[in-house]
Amino acid sequence: MPTNYLVSLSILLGIFISVLLVIVIDYFSKKSFFGTPISIEKVSSCFEEGEKQLNKNLRIGFWTLLMAIGSTVVLYFSNGEAILFFATTLFWMLPIPLFILQRPFKRKKIYALYKKNQLPIENRDF
């Protein structure tokens, strides 16, 4: 199999599996909500820790995406070895769920509203 087809297949397979993984995780997370109510005093610490966690996870996703691109380049210039094919597929599977399941745009908006004191916390509408 030519190398460019192998690279394309690896990227598409990684993206397909990750989208399927996102759909399954999202389905089960919406189906089973087991959150516990927290006090208003504890909300600020939860938002601060959540923002730190989001930033850390986005950095991990960014580095994983760079590894996926690097693995793709190595696979393109190699002889089409099987271990590089699976590594490239794995590296393309990892960053997509990391970005999508974090819902970074929604969370950034919530954190910005919270910092401006415009978030209706008492109604629990977030």
# chains A, B, ... in the order shown; residues from 1 in each chain; ligands from 1
>>> residues_around(residues="Thr89 in chain A", least_positions_apart="3", cutoff="8 Å", atoms="only C-alpha atoms", output="list in words")
Ser10, Ile11, Leu13, Gly14, Phe85, Phe86, Trp92 and Met93 of chain A
>>> atom_distance(atom1="CA of Met67 in chain A", atom2="CA of Phe91 in chain A")
6.5 Å
>>> select_by_dssp(residues="chain A", states="alpha helix (DSSP H)", output="PyMOL selection string")
chain A and resi 3-31+40-77+82-93+95-102+104-115
>>> closest_residue(among="A:Val7, A:Ile100, A:Ala82, A:Leu58", to="Ile23 in chain A", atoms="only C-alpha atoms")
A:Ile100
>>> atom_distance(atom1="CA of Ser78 in chain A", atom2="CA of Leu90 in chain A")
17.2 Å
>>> residues_around(residues="Glu48 in chain A", least_positions_apart="4", cutoff="12 Å", atoms="only C-alpha atoms", output="list in words")
Lys42, Val43, Ser44, Lys52, Gln53, Leu54, Asn55, Arg107, Lys108, Ile110, Tyr111, Ala112, Tyr114 and Lys115 of chain A
>>> write_last_selection(atoms="C-alpha atoms", output="mmCIF file, in the first residue's frame")
data_model
loop_
_atom_site.group_PDB
_atom_site.id
_atom_site.type_symbol
_atom_site.label_atom_id
_atom_site.label_comp_id
_atom_site.auth_asym_id
_atom_site.auth_seq_id
_atom_site.Cartn_x
_atom_site.Cartn_y
_atom_site.Cartn_z
ATOM 1 C CA LYS A 42 -18.012 26.497 47.716
ATOM 2 C CA VAL A 43 -18.905 27.585 44.171
ATOM 3 C CA SER A 44 -15.993 30.003 43.812
ATOM 4 C CA LYS A 52 -7.193 25.286 36.222
ATOM 5 C CA GLN A 53 -8.269 21.802 35.142
ATOM 6 C CA LEU A 54 -9.548 23.077 31.793
ATOM 7 C CA ASN A 55 -6.298 24.904 31.050
ATOM 8 C CA ARG A 107 -16.640 26.578 29.896
ATOM 9 C CA LYS A 108 -14.604 29.689 29.003
ATOM 10 C CA ILE A 110 -19.122 30.407 31.993
ATOM 11 C CA TYR A 111 -15.832 31.333 33.679
ATOM 12 C CA ALA A 112 -15.909 34.786 32.076
ATOM 13 C CA TYR A 114 -18.594 34.173 36.715
ATOM 14 C CA LYS A 115 -15.649 36.583 36.934
#
>>> residues_around(residues="Asp26 in chain A", least_positions_apart="4", cutoff="12 Å", atoms="only C-alpha atoms", output="MDAnalysis selection string")
chainID A and resid 18:22 30:33 97 100:103
>>> atom_distance(atom1="CA of Leu66 in chain A", atom2="CA of Phe28 in chain A")
29.2 Å
>>> residues_around(residues="Asn4 in chain A", least_positions_apart="3", cutoff="9 Å", atoms="only C-alpha atoms", output="ChimeraX atom specification")
/A:1,7-9,75-76
>>> write_last_selection(atoms="N, CA, C and O atoms", output="compact mmCIF listing (two decimals), in the first residue's frame")
# COMPACT_ATOMS: atom_id res chain seq x y z
N MET A 1 0.86 -1.17 0.00
CA MET A 1 0.00 0.00 0.00
C MET A 1 0.90 1.24 0.00
O MET A 1 1.83 1.31 0.79
N VAL A 7 -1.06 6.86 5.36
CA VAL A 7 -1.16 8.03 6.24
C VAL A 7 -2.60 8.52 6.30
O VAL A 7 -3.14 8.79 7.38
N SER A 8 -3.25 8.62 5.16
CA SER A 8 -4.65 9.06 5.11
C SER A 8 -5.56 8.10 5.86
O SER A 8 -6.45 8.52 6.60
N LEU A 9 -5.34 6.81 5.67
CA LEU A 9 -6.14 5.81 6.37
C LEU A 9 -5.95 5.90 7.88
O LEU A 9 -6.91 5.82 8.64
N LEU A 75 5.39 8.77 9.82
CA LEU A 75 4.76 7.69 9.05
C LEU A 75 4.83 7.96 7.56
O LEU A 75 5.05 7.04 6.76
N TYR A 76 4.70 9.21 7.17
CA TYR A 76 4.74 9.55 5.75
C TYR A 76 6.12 9.27 5.15
O TYR A 76 6.22 8.80 4.02
>>> residues_around(residues="Ser71 in chain A", least_positions_apart="5", cutoff="8 Å", atoms="only C-alpha atoms", output="list of chain:residue names")
A:Leu84, A:Ala87, A:Thr88, A:Phe91
>>> write_last_selection(atoms="C-alpha atoms", output="PDB file, in the first residue's frame")
ATOM      1  CA  LEU A  84       3.884   3.697  13.222  1.00  0.00           C
ATOM      2  CA  ALA A  87       0.804   4.995  16.815  1.00  0.00           C
ATOM      3  CA  THR A  88      -0.438   7.597  14.347  1.00  0.00           C
ATOM      4  CA  PHE A  91      -2.289   9.919  18.420  1.00  0.00           C
TER       5      PHE A  91
END
